[in-house]
Structure formats: C-alpha cells, structure tokens
$ cat work_13.pdb   # PDB, C-alpha atoms and all ligand atoms
ATOM      1  CA  MET J 736      17.333  -4.472 -13.152
ATOM      2  CA  ILE J 737      17.733  -0.886 -14.405
ATOM      3  CA  ASN J 738      14.405   0.024 -12.847
ATOM      4  CA  GLN J 739      15.454  -1.514  -9.544
ATOM      5  CA  ALA J 740      18.741   0.422  -9.513
ATOM      6  CA  PHE J 741      16.798   3.627 -10.122
ATOM      7  CA  ILE J 742      14.284   2.772  -7.394
ATOM      8  CA  GLU J 743      17.096   2.147  -4.891
ATOM      9  CA  LYS J 744      18.669   5.501  -5.740
ATOM     10  CA  ALA J 745      15.319   7.306  -5.381
ATOM     11  CA  LYS J 746      14.709   5.645  -2.026
ATOM     12  CA  GLU J 747      18.124   6.821  -0.830
ATOM     13  CA  LEU J 748      16.877  10.351  -1.558
ATOM     14  CA  GLY J 749      13.735   9.809   0.517
ATOM     15  CA  PHE J 750      11.106   8.893  -2.078
ATOM     16  CA  ILE J 751       8.768   6.177  -0.848
ATOM     17  CA  ALA J 752       7.022   5.071  -4.035
ATOM     18  CA  ILE J 753       8.456   5.041  -7.541
ATOM     19  CA  GLY J 754       6.775   3.794 -10.711
ATOM     20  CA  PHE J 755       7.213   3.851 -14.492
ATOM     21  CA  SER J 756       4.627   4.454 -17.178
ATOM     22  CA  LYS J 757       4.400   5.084 -20.907
ATOM     23  CA  PRO J 758       3.750   8.604 -22.209
ATOM     24  CA  ASP J 759       0.231   7.831 -23.396
ATOM     25  CA  THR J 760      -2.895   9.938 -22.968
ATOM     26  CA  PRO J 761      -3.525   9.994 -19.179
ATOM     27  CA  ILE J 762      -6.201   7.526 -18.109
ATOM     28  CA  TYR J 763      -8.339  10.185 -16.402
ATOM     29  CA  PHE J 764      -8.011  12.752 -19.179
ATOM     30  CA  ASP J 765     -11.689  12.514 -20.262
ATOM     31  CA  PHE J 766     -12.852  12.744 -16.658
ATOM     32  CA  PHE J 767     -10.685  15.854 -16.234
ATOM     33  CA  LEU J 768     -12.162  17.470 -19.376
ATOM     34  CA  ASN J 769     -15.738  16.821 -18.250
ATOM     35  CA  TRP J 770     -14.970  18.154 -14.781
ATOM     36  CA  LEU J 771     -13.470  21.326 -16.309
ATOM     37  CA  LYS J 772     -16.665  21.896 -18.298
ATOM     38  CA  GLU J 773     -18.854  21.628 -15.218
ATOM     39  CA  VAL J 774     -17.089  23.513 -12.432
ATOM     40  CA  GLU J 775     -16.074  27.076 -11.666
ATOM     41  CA  ILE J 776     -12.310  27.152 -11.177
ATOM     42  CA  GLY J 777     -11.846  30.732  -9.973
ATOM     43  CA  ASP J 778      -8.215  31.783  -9.699
ATOM     44  CA  VAL J 779      -6.833  28.451 -10.919
ATOM     45  CA  ALA J 780      -7.817  29.169 -14.518
ATOM     46  CA  TYR J 781      -4.387  27.878 -15.558
ATOM     47  CA  LEU J 782      -6.000  24.441 -15.423
ATOM     48  CA  LYS J 783      -7.817  25.332 -18.630
ATOM     49  CA  ARG J 784      -4.631  26.245 -20.446
ATOM     50  CA  ASN J 785      -2.335  23.854 -22.301
ATOM     51  CA  ILE J 786      -4.994  21.187 -22.599
ATOM     52  CA  ASP J 787      -3.151  19.579 -25.493
ATOM     53  CA  PHE J 788      -0.015  19.234 -23.340
ATOM     54  CA  ARG J 789      -2.139  17.513 -20.697
ATOM     55  CA  ARG J 790      -3.532  15.148 -23.339
ATOM     56  CA  ASN J 791      -0.183  14.451 -24.982
ATOM     57  CA  PRO J 792       2.787  14.440 -22.564
ATOM     58  CA  LYS J 793       5.183  13.906 -25.482
ATOM     59  CA  ARG J 794       4.756  17.598 -26.234
ATOM     60  CA  LEU J 795       6.699  18.387 -23.047
ATOM     61  CA  LEU J 796       9.884  16.576 -24.080
ATOM     62  CA  ASP J 797      11.048  15.603 -27.577
ATOM     63  CA  GLY J 798      11.618  11.861 -27.745
ATOM     64  CA  LEU J 799       9.877  11.175 -24.432
ATOM     65  CA  ASN J 800       9.883   7.448 -23.712
ATOM     66  CA  THR J 801       9.243   7.016 -19.996
ATOM     67  CA  ILE J 802       7.389   8.906 -17.291
ATOM     68  CA  ILE J 803       8.629   8.202 -13.769
ATOM     69  CA  SER J 804       6.240   9.030 -10.915
ATOM     70  CA  LEU J 805       7.712   9.709  -7.493
ATOM     71  CA  ALA J 806       6.025  10.114  -4.098
ATOM     72  CA  TYR J 807       7.801  11.873  -1.231
ATOM     73  CA  PRO J 808       6.297  11.806   2.282
ATOM     74  CA  TYR J 809       5.415  14.761   4.467
ATOM     75  CA  PRO J 810       4.784  14.556   8.215
ATOM     76  CA  ALA J 811       1.542  13.184   9.653
ATOM     77  CA  SER J 812       1.658  15.982  12.286
ATOM     78  CA  LYS J 813      -0.022  19.273  11.535
ATOM     79  CA  PRO J 814       2.217  22.346  12.065
ATOM     80  CA  SER J 815       0.791  24.543  14.822
ATOM     81  CA  THR J 816       1.369  27.953  16.415
ATOM     82  CA  PRO J 817       1.870  28.009  20.210
ATOM     83  CA  ASP J 818      -1.650  29.473  20.475
ATOM     84  CA  GLY J 819      -3.196  26.494  18.682
ATOM     85  CA  TYR J 820      -3.689  27.658  15.078
ATOM     86  CA  THR J 821      -2.623  25.231  12.385
ATOM     87  CA  ALA J 822      -1.540  24.945   8.767
ATOM     88  CA  SER J 823      -1.816  22.027   6.354
ATOM     89  CA  ARG J 824       0.788  19.344   6.780
ATOM     90  CA  TYR J 825       2.214  19.927   3.296
ATOM     91  CA  SER J 826       3.213  23.485   4.246
ATOM     92  CA  THR J 827       6.196  22.029   6.235
ATOM     93  CA  PRO J 828       7.043  25.561   7.487
ATOM     94  CA  THR J 829      10.340  24.623   9.109
ATOM     95  CA  GLU J 830      11.708  23.339   5.825
ATOM     96  CA  GLU J 831      12.598  24.747   2.465
ATOM     97  CA  ASP J 832       9.644  24.850   0.050
ATOM     98  CA  TYR J 833       9.106  21.293  -1.148
ATOM     99  CA  HIS J 834       9.137  22.436  -4.791
ATOM    100  CA  ILE J 835      12.793  23.374  -4.373
ATOM    101  CA  ARG J 836      13.736  20.290  -2.342
ATOM    102  CA  LEU J 837      12.090  17.811  -4.686
ATOM    103  CA  ARG J 838      13.403  19.499  -7.791
ATOM    104  CA  ARG J 839      16.932  19.212  -6.373
ATOM    105  CA  SER J 840      16.456  15.486  -5.661
ATOM    106  CA  GLY J 841      14.835  15.030  -9.080
ATOM    107  CA  LYS J 842      17.871  16.557 -10.750
ATOM    108  CA  GLN J 843      20.121  14.104  -8.929
ATOM    109  CA  LEU J 844      17.954  11.326 -10.328
ATOM    110  CA  CYS J 845      18.224  12.805 -13.822
ATOM    111  CA  LYS J 846      22.002  12.675 -13.468
ATOM    112  CA  PHE J 847      21.712   9.059 -12.363
ATOM    113  CA  ILE J 848      19.670   8.307 -15.507
ATOM    114  CA  ASN J 849      22.188  10.126 -17.664
ATOM    115  CA  ASP J 850      25.033   8.042 -16.244
ATOM    116  CA  ILE J 851      23.214   4.881 -17.364
ATOM    117  CA  PHE J 852      21.796   6.287 -20.618
ATOM    118  CA  PRO J 853      24.412   8.858 -21.722
ATOM    119  CA  GLU J 854      22.386   9.982 -24.753
ATOM    120  CA  SER J 855      19.228  10.606 -22.757
ATOM    121  CA  HIS J 856      17.515  13.865 -21.835
ATOM    122  CA  SER J 857      15.303  14.236 -18.784
ATOM    123  CA  ARG J 858      13.083  16.871 -17.170
ATOM    124  CA  VAL J 859      11.855  17.129 -13.579
ATOM    125  CA  PHE J 860       8.380  18.421 -12.737
ATOM    126  CA  VAL J 861       7.176  19.401  -9.277
ATOM    127  CA  ASP J 862       3.747  21.002  -9.803
ATOM    128  CA  SER J 863       5.473  22.810 -12.631
ATOM    129  CA  GLY J 864       3.966  21.506 -15.852
ATOM    130  CA  PRO J 865       0.565  20.833 -17.434
ATOM    131  CA  ILE J 866       0.561  17.194 -16.375
ATOM    132  CA  LEU J 867      -2.229  15.014 -15.007
ATOM    133  CA  GLU J 868       0.204  13.668 -12.470
ATOM    134  CA  ARG J 869      -2.168  11.458 -10.510
ATOM    135  CA  SER J 870      -3.152   9.646 -13.725
ATOM    136  CA  PHE J 871       0.471   8.713 -14.348
ATOM    137  CA  ALA J 872       1.002   7.826 -10.686
ATOM    138  CA  VAL J 873      -1.879   5.351 -11.021
ATOM    139  CA  THR J 874      -0.697   3.817 -14.297
ATOM    140  CA  SER J 875       2.816   3.529 -12.850
ATOM    141  CA  GLY J 876       1.317   1.390 -10.101
ATOM    142  CA  ILE J 877       2.267   3.491  -7.061
ATOM    143  CA  GLY J 878      -1.268   4.082  -5.806
ATOM    144  CA  PHE J 879      -4.924   4.784  -6.499
ATOM    145  CA  ILE J 880      -7.057   7.914  -6.410
ATOM    146  CA  GLY J 881      -9.308   8.097  -3.349
ATOM    147  CA  LYS J 882     -12.804   9.559  -3.351
ATOM    148  CA  ASN J 883     -11.136  12.694  -1.891
ATOM    149  CA  ASN J 884      -9.162  13.058  -5.168
ATOM    150  CA  MET J 885      -5.844  12.431  -3.443
ATOM    151  CA  LEU J 886      -3.347   9.831  -4.580
ATOM    152  CA  ILE J 887      -3.279   7.144  -1.899
ATOM    153  CA  VAL J 888      -0.136   5.034  -1.664
ATOM    154  CA  PRO J 889      -1.103   1.697  -0.093
ATOM    155  CA  GLY J 890       0.803   1.203   3.170
ATOM    156  CA  HIS J 891       1.500   4.933   3.461
ATOM    157  CA  GLY J 892      -1.640   6.919   2.686
ATOM    158  CA  SER J 893      -1.963  10.287   1.003
ATOM    159  CA  TYR J 894       0.457  12.447   3.010
ATOM    160  CA  CYS J 895       2.931  12.732   0.163
ATOM    161  CA  PHE J 896       4.086  15.145  -2.522
ATOM    162  CA  LEU J 897       4.231  14.006  -6.127
ATOM    163  CA  ALA J 898       6.958  14.673  -8.669
ATOM    164  CA  GLU J 899       7.655  13.354 -12.154
ATOM    165  CA  ILE J 900      10.693  12.754 -14.288
ATOM    166  CA  PHE J 901      10.104  12.751 -18.030
ATOM    167  CA  THR J 902      12.957  11.047 -19.843
ATOM    168  CA  THR J 903      13.941   9.918 -23.303
ATOM    169  CA  ALA J 904      15.609   6.904 -21.643
ATOM    170  CA  GLN J 905      13.778   3.687 -22.417
ATOM    171  CA  PHE J 906      13.030   2.077 -19.057
ATOM    172  CA  PRO J 907      11.107  -1.203 -19.134
ATOM    173  CA  VAL J 908       7.492  -0.351 -18.240
ATOM    174  CA  PRO J 909       5.505  -3.104 -16.525
ATOM    175  CA  SER J 910       2.044  -3.550 -18.038
ATOM    176  CA  PHE J 911      -0.588  -1.595 -16.153
ATOM    177  CA  LYS J 912      -2.875  -3.686 -13.982
ATOM    178  CA  GLU J 913      -6.020  -1.833 -13.039
ATOM    179  CA  THR J 914      -6.403  -2.255  -9.271
ATOM    180  CA  GLY J 915      -9.230   0.229  -9.076
ATOM    181  CA  ASN J 916     -10.256   2.364  -6.166
ATOM    182  CA  MET J 917      -9.826   0.768  -2.728
ATOM    183  CA  CYS J 918     -12.140   3.050  -0.738
ATOM    184  CA  GLY J 919     -14.922   0.478  -0.690
ATOM    185  CA  SER J 920     -18.116   1.823   0.885
ATOM    186  CA  CYS J 921     -16.266   4.514   2.905
ATOM    187  CA  THR J 922     -17.452   8.110   2.356
ATOM    188  CA  GLU J 923     -15.741   9.757   5.353
ATOM    189  CA  CYS J 924     -14.008  12.448   3.286
ATOM    190  CA  ILE J 925     -17.235  13.464   1.553
ATOM    191  CA  ASP J 926     -19.274  13.394   4.771
ATOM    192  CA  ASN J 927     -16.724  15.478   6.698
ATOM    193  CA  CYS J 928     -15.669  18.078   4.112
ATOM    194  CA  PRO J 929     -16.272  21.333   6.057
ATOM    195  CA  THR J 930     -17.672  23.296   3.103
ATOM    196  CA  GLY J 931     -19.269  20.546   1.008
ATOM    197  CA  ALA J 932     -16.594  21.087  -1.645
ATOM    198  CA  LEU J 933     -16.307  17.328  -2.102
ATOM    199  CA  LYS J 934     -19.716  17.031  -3.691
ATOM    200  CA  ALA J 935     -19.435  13.412  -4.758
ATOM    201  CA  PRO J 936     -16.719  10.771  -5.066
ATOM    202  CA  PHE J 937     -13.772  12.170  -7.087
ATOM    203  CA  TYR J 938     -15.654  15.424  -7.670
ATOM    204  CA  ILE J 939     -14.457  18.652  -6.090
ATOM    205  CA  ASP J 940     -15.979  22.106  -6.332
ATOM    206  CA  VAL J 941     -12.686  24.032  -6.270
ATOM    207  CA  CYS J 942     -14.216  27.377  -5.336
ATOM    208  CA  LYS J 943     -15.584  25.914  -2.103
ATOM    209  CA  CYS J 944     -12.395  24.081  -1.114
ATOM    210  CA  LEU J 945     -10.652  25.646   1.914
ATOM    211  CA  SER J 946      -7.233  24.817   0.478
ATOM    212  CA  TYR J 947      -8.067  26.876  -2.598
ATOM    213  CA  LEU J 948      -9.680  29.699  -0.603
ATOM    214  CA  THR J 949      -6.812  30.059   1.895
ATOM    215  CA  ILE J 950      -3.900  29.561  -0.511
ATOM    216  CA  GLU J 951      -4.719  30.345  -4.135
ATOM    217  CA  SER J 952      -7.820  32.526  -4.188
ATOM    218  CA  LYS J 953      -7.253  36.264  -4.488
ATOM    219  CA  ASP J 954     -10.588  36.980  -2.779
ATOM    220  CA  ASP J 955     -10.962  37.613   0.938
ATOM    221  CA  ILE J 956     -12.609  34.890   2.986
ATOM    222  CA  ASP J 957     -16.149  35.676   4.110
ATOM    223  CA  LYS J 958     -17.422  35.165   7.663
ATOM    224  CA  LEU J 959     -19.530  32.141   6.750
ATOM    225  CA  THR J 960     -16.509  30.333   5.287
ATOM    226  CA  ALA J 961     -14.295  31.439   8.195
ATOM    227  CA  GLY J 962     -16.676  29.617  10.522
ATOM    228  CA  LYS J 963     -15.845  26.389   8.685
ATOM    229  CA  MET J 964     -12.063  26.686   8.887
ATOM    230  CA  GLY J 965     -11.739  25.347  12.429
ATOM    231  CA  ASN J 966      -8.358  26.694  13.576
ATOM    232  CA  THR J 967      -6.515  26.172  10.269
ATOM    233  CA  PHE J 968      -5.377  29.352   8.513
ATOM    234  CA  PHE J 969      -3.501  27.732   5.609
ATOM    235  CA  GLY J 970      -5.051  24.821   3.718
ATOM    236  CA  CYS J 971      -7.376  22.327   5.369
ATOM    237  CA  ASP J 972      -6.469  18.567   5.414
ATOM    238  CA  VAL J 973      -9.832  17.340   6.795
ATOM    239  CA  CYS J 974     -10.468  14.991   3.838
ATOM    240  CA  GLN J 975      -7.109  13.383   4.574
ATOM    241  CA  GLU J 976      -7.391  13.373   8.381
ATOM    242  CA  VAL J 977     -10.577  11.313   8.318
ATOM    243  CA  CYS J 978      -9.228   8.862   5.746
ATOM    244  CA  PRO J 979      -8.574   5.405   7.196
ATOM    245  CA  PHE J 980      -5.533   5.065   4.927
ATOM    246  CA  ASN J 981      -3.824   7.877   6.894
ATOM    247  CA  ARG J 982      -2.531   8.016  10.416
ATOM    248  CA  SER J 983      -2.710  11.605  11.730
ATOM    249  CA  ASN J 984      -0.382  12.503  14.596
ATOM    250  CA  LEU J 985      -0.918  15.281  17.132
ATOM    251  CA  PRO J 986      -0.069  18.835  15.982
ATOM    252  CA  VAL J 987       3.512  19.978  16.537
ATOM    253  CA  VAL J 988       4.314  23.579  17.448
ATOM    254  CA  SER J 989       6.531  24.780  14.615
ATOM    255  CA  ILE J 990       5.040  28.137  13.577
ATOM    256  CA  PRO J 991       5.387  31.465  15.449
ATOM    257  CA  SER J 992       2.283  32.681  17.307
ATOM    258  CA  THR J 993      -0.505  34.386  15.407
ATOM    259  CA  ASP J 994       0.411  37.650  17.195
ATOM    260  CA  THR J 995       3.955  37.369  15.918
ATOM    261  CA  ILE J 996       2.825  36.648  12.355
ATOM    262  CA  LEU J 997       0.365  39.532  12.401
ATOM    263  CA  GLY J 998       3.159  41.860  13.539
ATOM    264  CA  MET J 999       5.617  40.767  10.835
ATOM    265  CA  THR J1000       7.000  43.287   8.402
ATOM    266  CA  GLU J1001       7.743  42.092   4.870
ATOM    267  CA  LEU J1002      11.376  41.655   5.918
ATOM    268  CA  ASP J1003      10.426  39.615   9.024
ATOM    269  CA  PHE J1004       8.187  37.433   6.853
ATOM    270  CA  LYS J1005      10.945  36.855   4.336
ATOM    271  CA  ARG J1006      13.430  35.996   7.087
ATOM    272  CA  THR J1007      11.052  33.523   8.732
ATOM    273  CA  PHE J1008       9.165  32.020   5.806
ATOM    274  CA  GLY J1009      11.092  33.236   2.755
ATOM    275  CA  LYS J1010      12.111  29.774   1.625
ATOM    276  CA  THR J1011       8.984  27.925   2.723
ATOM    277  CA  ALA J1012       5.674  27.111   1.058
ATOM    278  CA  PHE J1013       4.064  30.072   2.922
ATOM    279  CA  GLU J1014       6.068  32.447   0.740
ATOM    280  CA  ARG J1015       4.034  31.543  -2.351
ATOM    281  CA  THR J1016       0.818  32.555  -0.639
ATOM    282  CA  GLY J1017       2.440  35.659   0.792
ATOM    283  CA  ARG J1018       2.324  37.702   3.973
ATOM    284  CA  GLU J1019      -0.843  39.667   3.227
ATOM    285  CA  LYS J1020      -2.961  36.621   2.414
ATOM    286  CA  LEU J1021      -1.666  34.722   5.441
ATOM    287  CA  LYS J1022      -2.439  37.673   7.720
ATOM    288  CA  LYS J1023      -5.938  38.016   6.281
ATOM    289  CA  ASN J1024      -6.587  34.308   6.841
ATOM    290  CA  ILE J1025      -5.489  34.608  10.476
ATOM    291  CA  LYS J1026      -7.499  37.792  11.085
ATOM    292  CA  VAL J1027     -10.683  36.237   9.749
ATOM    293  CA  LEU J1028     -10.206  33.320  12.177
ATOM    294  CA  LEU J1029      -9.547  35.604  15.147
ATOM    295  CA  THR J1030     -12.500  37.938  14.645
TER     296      THR J1030
HETATM  297  S1  LIG G1101     -11.874   8.905   3.470
HETATM  298 FE1  LIG G1101     -12.724   6.958   2.725
HETATM  299  S2  LIG G1101     -13.704   7.498   0.781
HETATM  300 FE2  LIG G1101     -12.341   9.175   1.289
HETATM  301  S3  LIG G1101     -10.423   8.719   0.235
HETATM  302 FE3  LIG G1101     -10.232   7.856   2.302
HETATM  303  S4  LIG G1101     -10.945   5.726   2.120
HETATM  304 FE4  LIG G1101     -11.622   6.813   0.270
END

$ encode --input "work_13.pdb" --output "structure tokens"
Amino acid sequence: MINQAFIEKAKELGFIAIGFSKPDTPIYFDFFLNWLKEVEIGDVAYLKRNIDFRRNPKRLLDGLNTIISLAYPYPASKPSTPDGYTASRYSTPTEEDYHIRLRRSGKQLCKFINDIFPESHSRVFVDSGPILERSFAVTSGIGFIGKNNMLIVPGHGSYCFLAEIFTTAQFPVPSFKETGNMCGSCTECIDNCPTGALKAPFYIDVCKCLSYLTIESKDDIDKLTAGKMGNTFFGCDVCQEVCPFNRSNLPVVSIPSTDTILGMTELDFKRTFGKTAFERTGREKLKKNIKVLLT
C-alpha cells in the first residue's frame, strides 16, 4: 500500500520503473572488485575510492533501511547537428542536465516520504555517490543487467537514467527473485562494439570505450580511434542501438552545426549548453572531439 502510493507519485514525476531493496552488500560487489583488479580505468580512478561505501551502503546514511531504485527514460532519438554529427541520447542537449532534473524530482519524492514517515531522513543520489546502482536496481526487481553492462528494464529497454533514494523509512521490501539475464544467445552488443571495449559479456575495457574517451578521458583522441567513432562526437550508444530490447528512432536535429560549435566562445558555450550534460565535458573537449572527426 505505502509502496504503491510512492510508486504512483514517482510515476507522476516521469519515472518508469521503481523498486525497493534492502541495504545489503550489492549482489555484484565481488564481480566489481575482480573487474577493478583486472582493468585499466584511466581517468575514472574514483571507482577505486570508497570501496567500503560501495560494499556497505549503510555508511552513506545513518539508520538506512530502504534503498529505492528509480529509472527515468531518455529519448530513443539521437540528438544531431544539421550537418549530421550526433551525440549520445543521454546528453539530451535541449534540456537541463539530467543530474539536476532528477535530483529535483528525487527531492520531491523525499518530501513525499517524509510526509508519510515524519521521523525519516532520506538522501537522493544521481551518479553522485559510491553506489553500485545497477546491483540495487536488479535486487529491487526493476530490470536485469545486459551483456552490454546496461540495466535493461523489460518493456522499455536501456534508454534510461538511474537514480536512488536512500531512506531510513521502513518500506516493505518484496523478497528478491533472481530472474537472471534475459539476453539468451544474443551477442549483438559485443559483436558490434566499435573498439572492442566490450571484450566479453558484462566485461568492459573502460579505456577503449568511446563514451569514456569522448566524455571523461583527459587525453586527446588518436586518429585510429577517431576512425571508429562514426559521426558521434559525444558518447557512443552502439551497444544500445543494436540491442533488441531497445527501439532506436531516427536522429533529431537539436544541436547547432559543428561549425557553430567550433566557433563558440566560452560565453557562447555557456549560453547554449551551460545547463546541459555537455557542460560537464566542457567546450575544449567537445571541440577536440569534433575536430578529430572532421579531419
Ligand atoms: S545486445 Fe543482446 S547481448 Fe547485448 S545487452 Fe542487448 S540483448 Fe543482451
């Protein structure tokens, strides 16, 4: 009953899948540790920090009783410039950065919880804490992890952002039923990964991943890698586009031309993209990505 009321409220705010789990050690914690030992993680070394927080979510909130996993959809159309260059769907460049949007909605949900459980305390996370979020999404029952490492929500696919609410409120938590991976014999994401970053099911070599190289890496992109980017200058999406659980629509022109972006001053960039996900990557990196595609 309480869970259902919360789910209805979250759906009103646009979330499409909502689940509850206990704050136990995440189910894929050992897999994560082994993966960390084996791979180079370049400029995302933060993954190696706060391991004990990742193991024990109770360290992130005193009295934590329930973890609520939330999935919020992003468009199936890839944003494009008028001259045909694209960015990952999750960049949503005509909208405010999803971290800000989802945090705002999460806070509304925290208030909703507080109205029902006046003594409770809650925290919202949108990529903002050392949390194995896909583990909790799975144990909450909202989806499974595909061989491409993405959370796949049955009936929707993987085009969604994830957020979590940690709360001291004691929501009833349904017992976890292991549904397992539903990819079957499909290996489309592995076969089509442009750089071979998806080396095996559930196993990604971060330093080869185009999303990492075009968004997080501080290094310039070399010519060999540029030849594998297709026409996408921010992120990639190929492992999602080929996934039969997703329906990919045609690109939609929603980004200024590459000429315009290359000519932007810092002020122009801030005016156009200042509140979007591009801002985190920054003007210089975005320009370098475009230049390496054009040359
Ligand atoms: S492309 Fe195939 S193997 Fe990869 S995540 Fe989708 S269903 Fe699973």

$ closest_residue --input "work_13.pdb" --among "J:Cys978, J:Leu768, J:Leu799, J:Ala932" --to "ligand LIG 1101 (chain G)" --atoms "only C-alpha atoms and all ligand atoms"
J:Cys978

$ resolve_selection --input "work_13.pdb" --expression "the PyMOL selection byres (((chain J and resi 808) around 10) and not hetatm)" --output "PDB file with C-alpha atoms, keeping the file's coordinate frame"
ATOM      1  CA  GLY J 749      13.735   9.809   0.517  1.00  0.00           C
ATOM      2  CA  PHE J 750      11.106   8.893  -2.078  1.00  0.00           C
ATOM      3  CA  ILE J 751       8.768   6.177  -0.848  1.00  0.00           C
ATOM      4  CA  ALA J 752       7.022   5.071  -4.035  1.00  0.00           C
ATOM      5  CA  ALA J 806       6.025  10.114  -4.098  1.00  0.00           C
ATOM      6  CA  TYR J 807       7.801  11.873  -1.231  1.00  0.00           C
ATOM      7  CA  TYR J 809       5.415  14.761   4.467  1.00  0.00           C
ATOM      8  CA  PRO J 810       4.784  14.556   8.215  1.00  0.00           C
ATOM      9  CA  ALA J 811       1.542  13.184   9.653  1.00  0.00           C
ATOM     10  CA  TYR J 825       2.214  19.927   3.296  1.00  0.00           C
ATOM     11  CA  HIS J 891       1.500   4.933   3.461  1.00  0.00           C
ATOM     12  CA  GLY J 892      -1.640   6.919   2.686  1.00  0.00           C
ATOM     13  CA  SER J 893      -1.963  10.287   1.003  1.00  0.00           C
ATOM     14  CA  TYR J 894       0.457  12.447   3.010  1.00  0.00           C
ATOM     15  CA  CYS J 895       2.931  12.732   0.163  1.00  0.00           C
ATOM     16  CA  PHE J 896       4.086  15.145  -2.522  1.00  0.00           C
ATOM     17  CA  LEU J 897       4.231  14.006  -6.127  1.00  0.00           C
TER      18      LEU J 897
END

$ residues_near_ligand --input "work_13.pdb" --ligand "ligand LIG 1101 (chain G)" --cutoff "10 Å" --atoms "all atoms listed in the file" --output "PyMOL selection string"
chain J and resi 879-887+892-893+916-928+933+935-937+973-981

$ write_last_selection --input "work_13.pdb" --atoms "C-alpha atoms" --output "PDB file, in the frame of the given file"
ATOM      1  CA  PHE J 879      -4.924   4.784  -6.499  1.00  0.00           C
ATOM      2  CA  ILE J 880      -7.057   7.914  -6.410  1.00  0.00           C
ATOM      3  CA  GLY J 881      -9.308   8.097  -3.349  1.00  0.00           C
ATOM      4  CA  LYS J 882     -12.804   9.559  -3.351  1.00  0.00           C
ATOM      5  CA  ASN J 883     -11.136  12.694  -1.891  1.00  0.00           C
ATOM      6  CA  ASN J 884      -9.162  13.058  -5.168  1.00  0.00           C
ATOM      7  CA  MET J 885      -5.844  12.431  -3.443  1.00  0.00           C
ATOM      8  CA  LEU J 886      -3.347   9.831  -4.580  1.00  0.00           C
ATOM      9  CA  ILE J 887      -3.279   7.144  -1.899  1.00  0.00           C
ATOM     10  CA  GLY J 892      -1.640   6.919   2.686  1.00  0.00           C
ATOM     11  CA  SER J 893      -1.963  10.287   1.003  1.00  0.00           C
ATOM     12  CA  ASN J 916     -10.256   2.364  -6.166  1.00  0.00           C
ATOM     13  CA  MET J 917      -9.826   0.768  -2.728  1.00  0.00           C
ATOM     14  CA  CYS J 918     -12.140   3.050  -0.738  1.00  0.00           C
ATOM     15  CA  GLY J 919     -14.922   0.478  -0.690  1.00  0.00           C
ATOM     16  CA  SER J 920     -18.116   1.823   0.885  1.00  0.00           C
ATOM     17  CA  CYS J 921     -16.266   4.514   2.905  1.00  0.00           C
ATOM     18  CA  THR J 922     -17.452   8.110   2.356  1.00  0.00           C
ATOM     19  CA  GLU J 923     -15.741   9.757   5.353  1.00  0.00           C
ATOM     20  CA  CYS J 924     -14.008  12.448   3.286  1.00  0.00           C
ATOM     21  CA  ILE J 925     -17.235  13.464   1.553  1.00  0.00           C
ATOM     22  CA  ASP J 926     -19.274  13.394   4.771  1.00  0.00           C
ATOM     23  CA  ASN J 927     -16.724  15.478   6.698  1.00  0.00           C
ATOM     24  CA  CYS J 928     -15.669  18.078   4.112  1.00  0.00           C
ATOM     25  CA  LEU J 933     -16.307  17.328  -2.102  1.00  0.00           C
ATOM     26  CA  ALA J 935     -19.435  13.412  -4.758  1.00  0.00           C
ATOM     27  CA  PRO J 936     -16.719  10.771  -5.066  1.00  0.00           C
ATOM     28  CA  PHE J 937     -13.772  12.170  -7.087  1.00  0.00           C
ATOM     29  CA  VAL J 973      -9.832  17.340   6.795  1.00  0.00           C
ATOM     30  CA  CYS J 974     -10.468  14.991   3.838  1.00  0.00           C
ATOM     31  CA  GLN J 975      -7.109  13.383   4.574  1.00  0.00           C
ATOM     32  CA  GLU J 976      -7.391  13.373   8.381  1.00  0.00           C
ATOM     33  CA  VAL J 977     -10.577  11.313   8.318  1.00  0.00           C
ATOM     34  CA  CYS J 978      -9.228   8.862   5.746  1.00  0.00           C
ATOM     35  CA  PRO J 979      -8.574   5.405   7.196  1.00  0.00           C
ATOM     36  CA  PHE J 980      -5.533   5.065   4.927  1.00  0.00           C
ATOM     37  CA  ASN J 981      -3.824   7.877   6.894  1.00  0.00           C
TER      38      ASN J 981
END

$ resolve_selection --input "work_13.pdb" --expression "the PyMOL selection byres (((chain J and resi 771) around 12) and not hetatm)" --output "list in words"
Phe764, Asp765, Phe766, Phe767, Leu768, Asn769, Trp770, Lys772, Glu773, Val774, Glu775, Ile776, Gly777, Val779, Ala780, Tyr781, Leu782, Lys783, Arg784, Ile786, Tyr938, Ile939, Asp940 and Val941 of chain J

$ atom_distance --input "work_13.pdb" --atom1 "CA of Glu1001 (chain J)" --atom2 "CA of Val988 (chain J)"
22.6 Å

$ resolve_selection --input "work_13.pdb" --expression "the PyMOL selection byres (((chain J and resi 961) around 10) and not hetatm)" --output "ChimeraX atom specification"
/J:945,949,956-960,962-968,1024-1030

$ atom_distance --input "work_13.pdb" --atom1 "CA of Cys845 (chain J)" --atom2 "CA of Arg869 (chain J)"
20.7 Å

$ closest_residue --input "work_13.pdb" --among "J:Ile851, J:Ala822, J:Ala904, J:Val873" --to "Phe969 (chain J)" --atoms "all atoms listed in the file"
J:Ala822

$ atom_distance --input "work_13.pdb" --atom1 "CA of Arg858 (chain J)" --atom2 "CA of Ser952 (chain J)"
29.2 Å

$ residues_around --input "work_13.pdb" --residues "Lys846 (chain J)" --least-positions-apart "6" --cutoff "12 Å" --atoms "only C-alpha atoms" --output "ChimeraX atom specification"
/J:741,744-745,839-840,852-859,900,902,904
